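Engineer: I'd like to ask some things about the structure below.
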Amino acid sequence: MRLKIIDVAREAGVSVATVDRVLNDRDGVRARTREIVLKTARQLGYISDSAEQLDDSVAHDIVKLHFILPEGSNQFIRRLHDHIETLAKRRESISVTITATDTINADLLAQQLREITPDIHGVGFVGIDHPNVRQATKSLADRGTKIVTLASDIHNVPRVTYIGIDNRAAGRLAGYLLKRFMPPNNIGKVALFAGSLSYRGHEEREMGFRNLLMEETPYLNIVQLREMMDEPEKAYLEASALLDTHPDLSAIYNIGAGNAGIAKALKERSLDQKIVFIGHEIAQDTQELLLDGTIDAIIDQNPRVEAREALTILEHAVRNQPFEFHPPRLQVILRENIPDS
């Protein structure tokens, strides 16, 4: 059975927070307590003797982290950016820089990964599963840089972990919600919108959604999939063209951002109360659309949790310390349970 930090805390007779401070070599713990915690952790096999002998370059120095996030109007990414900045300022043991870029452009993203300087200990980024990006990621890892992927994963690269939701499960959840909102056995047309299927996360959501509909609602017909780069204006133009072609559309699932643009096209045609609309990520615009009935349900993930986990896991990995990963959970937001903030 895999040991957890709570097991060390229980055996040592201290709090989980105290164990965390000791293993992260933070201040605020008496010498005797620190000694007990380390001894307990070694006896339980939670750490080895070598785990305390950290690389001199980072054992007591500030860990330097660099994040590469998508630029644009995606409100989830903006919130992730803000939470990384806010949480990093509260930790004296790390420093963080954030670069906003066009992560859908594989060549540009790969170049920015290659340009990360050797003094950076850890990197987190939202990337696309592309050969150039994978190669740049491997080159970073080969020189000892610790890497996490955020929100959308890249397989077969030497990363520490992926930090984000199970996107395939999110897609299946969207299909289930759509099924429950639609009249039973109602033959209808469904449209899909995606930011970009270059993101593995968006591809996995589409896969999960299609599989659920195929299994449980074969009478629903997916008529089109449109990419809109997570931009509201492009989403509006794509939705307008779609609705002109399919005025009898029954439902929409938006895999990415740009909900406001789709909603604008629906309202212009007085279809906002007629078409079932499932989207992602709670924000100011999606709250308003839930309240007025344009959006029926939002599948939300918590960017604060993802920011916290990214900072914690990268610091622990750089310092060669054990860590526990607490992944963000999927949450369905309806009009009646909109969060306060």
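Each chain in the structure tokens gets a letter, A, B, ..., in the order shown, and its residues are numbered from 1; ligands are numbered from 1 in order too.
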I'd like to know which residues of stretch 181-312 of chain A are alpha helix (DSSP H) (by DSSP, run on the backbone); could you write them as a PyMOL selection string?

Structural biologist: chain A and resi 181+200-216+232-245+259-268+284-291+303-312

Engineer: Using only C-alpha atoms, which residues sit within 8 Å of stretch 299-306 of chain A once same-chain residues fewer than 2 positions away are excluded, as a VMD selection string?

Structural biologist: chain A and resid 76 to 77 79 to 80 83 to 84 150 163 to 165 170 174 278 to 282 297 308 to 310 327 to 333

Engineer: Apply DSSP to the structure's backbone, then extract all residues of stretch 66-167 of chain A labelled strand (DSSP E) and return them as a PyMOL selection string.

Structural biologist: chain A and resi 66-70+94-101+122-125+146-150+161-163

Engineer: Write a file of the just-selected residues containing N, CA, C and O atoms, as an mmCIF file, in the first residue's frame.

Structural biologist:
```cif
data_model
loop_
_atom_site.group_PDB
_atom_site.id
_atom_site.type_symbol
_atom_site.label_atom_id
_atom_site.label_comp_id
_atom_site.auth_asym_id
_atom_site.auth_seq_id
_atom_site.Cartn_x
_atom_site.Cartn_y
_atom_site.Cartn_z
ATOM 1 N N HIS A 66 8.954 28.182 -14.823
ATOM 2 C CA HIS A 66 8.499 28.935 -16.007
ATOM 3 C C HIS A 66 7.250 28.243 -16.559
ATOM 4 O O HIS A 66 7.250 27.028 -16.762
ATOM 5 N N PHE A 67 6.203 29.039 -16.806
ATOM 6 C CA PHE A 67 4.963 28.508 -17.362
ATOM 7 C C PHE A 67 4.699 29.142 -18.725
ATOM 8 O O PHE A 67 4.887 30.345 -18.910
ATOM 9 N N ILE A 68 4.251 28.316 -19.668
ATOM 10 C CA ILE A 68 3.851 28.788 -20.997
ATOM 11 C C ILE A 68 2.369 28.485 -21.155
ATOM 12 O O ILE A 68 1.952 27.322 -21.172
ATOM 13 N N LEU A 69 1.554 29.544 -21.261
ATOM 14 C CA LEU A 69 0.102 29.409 -21.335
ATOM 15 C C LEU A 69 -0.422 30.044 -22.611
ATOM 16 O O LEU A 69 0.192 30.975 -23.145
ATOM 17 N N PRO A 70 -1.569 29.579 -23.109
ATOM 18 C CA PRO A 70 -2.126 30.155 -24.332
ATOM 19 C C PRO A 70 -2.501 31.626 -24.150
ATOM 20 O O PRO A 70 -3.030 32.020 -23.100
ATOM 21 N N ILE A 94 9.922 29.764 -4.123
ATOM 22 C CA ILE A 94 9.890 29.659 -5.584
ATOM 23 C C ILE A 94 9.764 31.038 -6.223
ATOM 24 O O ILE A 94 9.303 31.999 -5.593
ATOM 25 N N SER A 95 10.179 31.133 -7.460
ATOM 26 C CA SER A 95 9.906 32.318 -8.290
ATOM 27 C C SER A 95 9.335 31.828 -9.617
ATOM 28 O O SER A 95 9.731 30.767 -10.110
ATOM 29 N N VAL A 96 8.418 32.587 -10.168
ATOM 30 C CA VAL A 96 7.686 32.135 -11.350
ATOM 31 C C VAL A 96 7.670 33.216 -12.422
ATOM 32 O O VAL A 96 7.469 34.402 -12.131
ATOM 33 N N THR A 97 7.900 32.799 -13.652
ATOM 34 C CA THR A 97 7.651 33.648 -14.814
ATOM 35 C C THR A 97 6.634 32.948 -15.697
ATOM 36 O O THR A 97 6.602 31.716 -15.764
ATOM 37 N N ILE A 98 5.788 33.752 -16.355
ATOM 38 C CA ILE A 98 4.738 33.195 -17.216
ATOM 39 C C ILE A 98 4.828 33.854 -18.588
ATOM 40 O O ILE A 98 4.891 35.082 -18.696
ATOM 41 N N THR A 99 4.812 33.030 -19.613
ATOM 42 C CA THR A 99 4.809 33.511 -20.999
ATOM 43 C C THR A 99 3.479 33.156 -21.634
ATOM 44 O O THR A 99 3.023 32.010 -21.548
ATOM 45 N N ALA A 100 2.837 34.138 -22.260
ATOM 46 C CA ALA A 100 1.610 33.892 -23.024
ATOM 47 C C ALA A 100 1.975 33.773 -24.495
ATOM 48 O O ALA A 100 2.679 34.629 -25.035
ATOM 49 N N THR A 101 1.496 32.712 -25.142
ATOM 50 C CA THR A 101 1.879 32.488 -26.532
ATOM 51 C C THR A 101 0.777 31.736 -27.269
ATOM 52 O O THR A 101 -0.184 31.260 -26.672
ATOM 53 N N GLY A 122 12.065 24.167 -13.419
ATOM 54 C CA GLY A 122 10.835 23.453 -13.752
ATOM 55 C C GLY A 122 9.975 24.234 -14.727
ATOM 56 O O GLY A 122 9.972 25.465 -14.703
ATOM 57 N N VAL A 123 9.253 23.507 -15.567
ATOM 58 C CA VAL A 123 8.422 24.121 -16.614
ATOM 59 C C VAL A 123 7.040 23.479 -16.621
ATOM 60 O O VAL A 123 6.907 22.259 -16.506
ATOM 61 N N GLY A 124 6.022 24.311 -16.743
ATOM 62 C CA GLY A 124 4.659 23.834 -16.937
ATOM 63 C C GLY A 124 4.073 24.500 -18.160
ATOM 64 O O GLY A 124 4.265 25.697 -18.361
ATOM 65 N N PHE A 125 3.372 23.736 -18.991
ATOM 66 C CA PHE A 125 2.796 24.356 -20.185
ATOM 67 C C PHE A 125 1.567 23.603 -20.678
ATOM 68 O O PHE A 125 1.385 22.415 -20.405
ATOM 69 N N LYS A 146 12.493 19.749 -14.825
ATOM 70 C CA LYS A 146 11.270 19.030 -14.480
ATOM 71 C C LYS A 146 10.092 19.658 -15.215
ATOM 72 O O LYS A 146 9.983 20.880 -15.303
ATOM 73 N N ILE A 147 9.192 18.802 -15.721
ATOM 74 C CA ILE A 147 8.128 19.276 -16.607
ATOM 75 C C ILE A 147 6.785 18.715 -16.176
ATOM 76 O O ILE A 147 6.668 17.530 -15.843
ATOM 77 N N VAL A 148 5.761 19.577 -16.180
ATOM 78 C CA VAL A 148 4.374 19.123 -16.049
ATOM 79 C C VAL A 148 3.574 19.691 -17.208
ATOM 80 O O VAL A 148 3.848 20.786 -17.690
ATOM 81 N N THR A 149 2.608 18.922 -17.676
ATOM 82 C CA THR A 149 1.664 19.422 -18.679
ATOM 83 C C THR A 149 0.384 19.836 -17.967
ATOM 84 O O THR A 149 -0.036 19.207 -16.997
ATOM 85 N N LEU A 150 -0.241 20.897 -18.455
ATOM 86 C CA LEU A 150 -1.414 21.481 -17.822
ATOM 87 C C LEU A 150 -2.616 21.432 -18.757
ATOM 88 O O LEU A 150 -2.492 21.766 -19.938
ATOM 89 N N THR A 161 4.272 14.734 -14.439
ATOM 90 C CA THR A 161 2.875 14.295 -14.439
ATOM 91 C C THR A 161 2.035 15.241 -15.284
ATOM 92 O O THR A 161 2.502 16.308 -15.697
ATOM 93 N N TYR A 162 0.827 14.843 -15.540
ATOM 94 C CA TYR A 162 -0.180 15.701 -16.180
ATOM 95 C C TYR A 162 -1.089 16.254 -15.093
ATOM 96 O O TYR A 162 -1.545 15.519 -14.218
ATOM 97 N N ILE A 163 -1.347 17.554 -15.134
ATOM 98 C CA ILE A 163 -2.199 18.201 -14.141
ATOM 99 C C ILE A 163 -3.436 18.731 -14.847
ATOM 100 O O ILE A 163 -3.380 19.704 -15.602
#
```

Engineer: Tell me, as a VMD selection string, which residues lie within 10 Å of A:Leu44, counting only C-alpha atoms; anything in the same chain fewer than 2 positions away does not count.

Structural biologist: chain A and resid 3 7 to 8 11 38 to 42 46 to 48

Engineer: Would you mind exporting N, CA, C and O atoms of the selected residues as a tab-separated table (two decimals), in the first residue's frame?

Structural biologist:
```tsv
chain	number	residue	atom	x	y	z
A	3	LEU	N	2.38	4.67	0.78
A	3	LEU	CA	2.31	5.57	1.92
A	3	LEU	C	1.93	6.97	1.49
A	3	LEU	O	2.26	7.42	0.37
A	7	ASP	N	0.10	9.49	6.66
A	7	ASP	CA	0.62	8.36	7.43
A	7	ASP	C	1.85	8.78	8.25
A	7	ASP	O	2.01	8.38	9.40
A	8	VAL	N	2.71	9.59	7.62
A	8	VAL	CA	3.88	10.10	8.33
A	8	VAL	C	3.45	11.00	9.48
A	8	VAL	O	3.97	10.91	10.60
A	11	GLU	N	2.03	8.91	12.41
A	11	GLU	CA	3.06	8.16	13.14
A	11	GLU	C	3.96	9.09	13.96
A	11	GLU	O	4.40	8.74	15.06
A	38	LEU	N	11.61	13.64	10.13
A	38	LEU	CA	12.52	13.02	9.16
A	38	LEU	C	12.83	11.57	9.54
A	38	LEU	O	12.88	10.68	8.68
A	39	LYS	N	13.02	11.34	10.84
A	39	LYS	CA	13.29	9.98	11.28
A	39	LYS	C	12.10	9.07	11.00
A	39	LYS	O	12.26	7.94	10.52
A	40	THR	N	10.89	9.56	11.27
A	40	THR	CA	9.67	8.78	11.02
A	40	THR	C	9.51	8.49	9.54
A	40	THR	O	9.17	7.37	9.13
A	41	ALA	N	9.74	9.49	8.72
A	41	ALA	CA	9.58	9.33	7.27
A	41	ALA	C	10.55	8.30	6.73
A	41	ALA	O	10.21	7.50	5.85
A	42	ARG	N	11.79	8.29	7.30
A	42	ARG	CA	12.77	7.29	6.86
A	42	ARG	C	12.39	5.89	7.33
A	42	ARG	O	12.47	4.92	6.58
A	46	TYR	N	8.99	6.41	3.59
A	46	TYR	CA	8.40	7.48	2.77
A	46	TYR	C	9.48	8.27	2.04
A	46	TYR	O	9.29	8.74	0.93
A	47	ILE	N	10.64	8.44	2.70
A	47	ILE	CA	11.80	9.03	2.04
A	47	ILE	C	13.00	8.13	2.32
A	47	ILE	O	13.01	7.36	3.28
A	48	SER	N	13.99	8.22	1.46
A	48	SER	CA	15.24	7.51	1.69
A	48	SER	C	16.27	8.50	2.21
A	48	SER	O	16.05	9.71	2.18
```
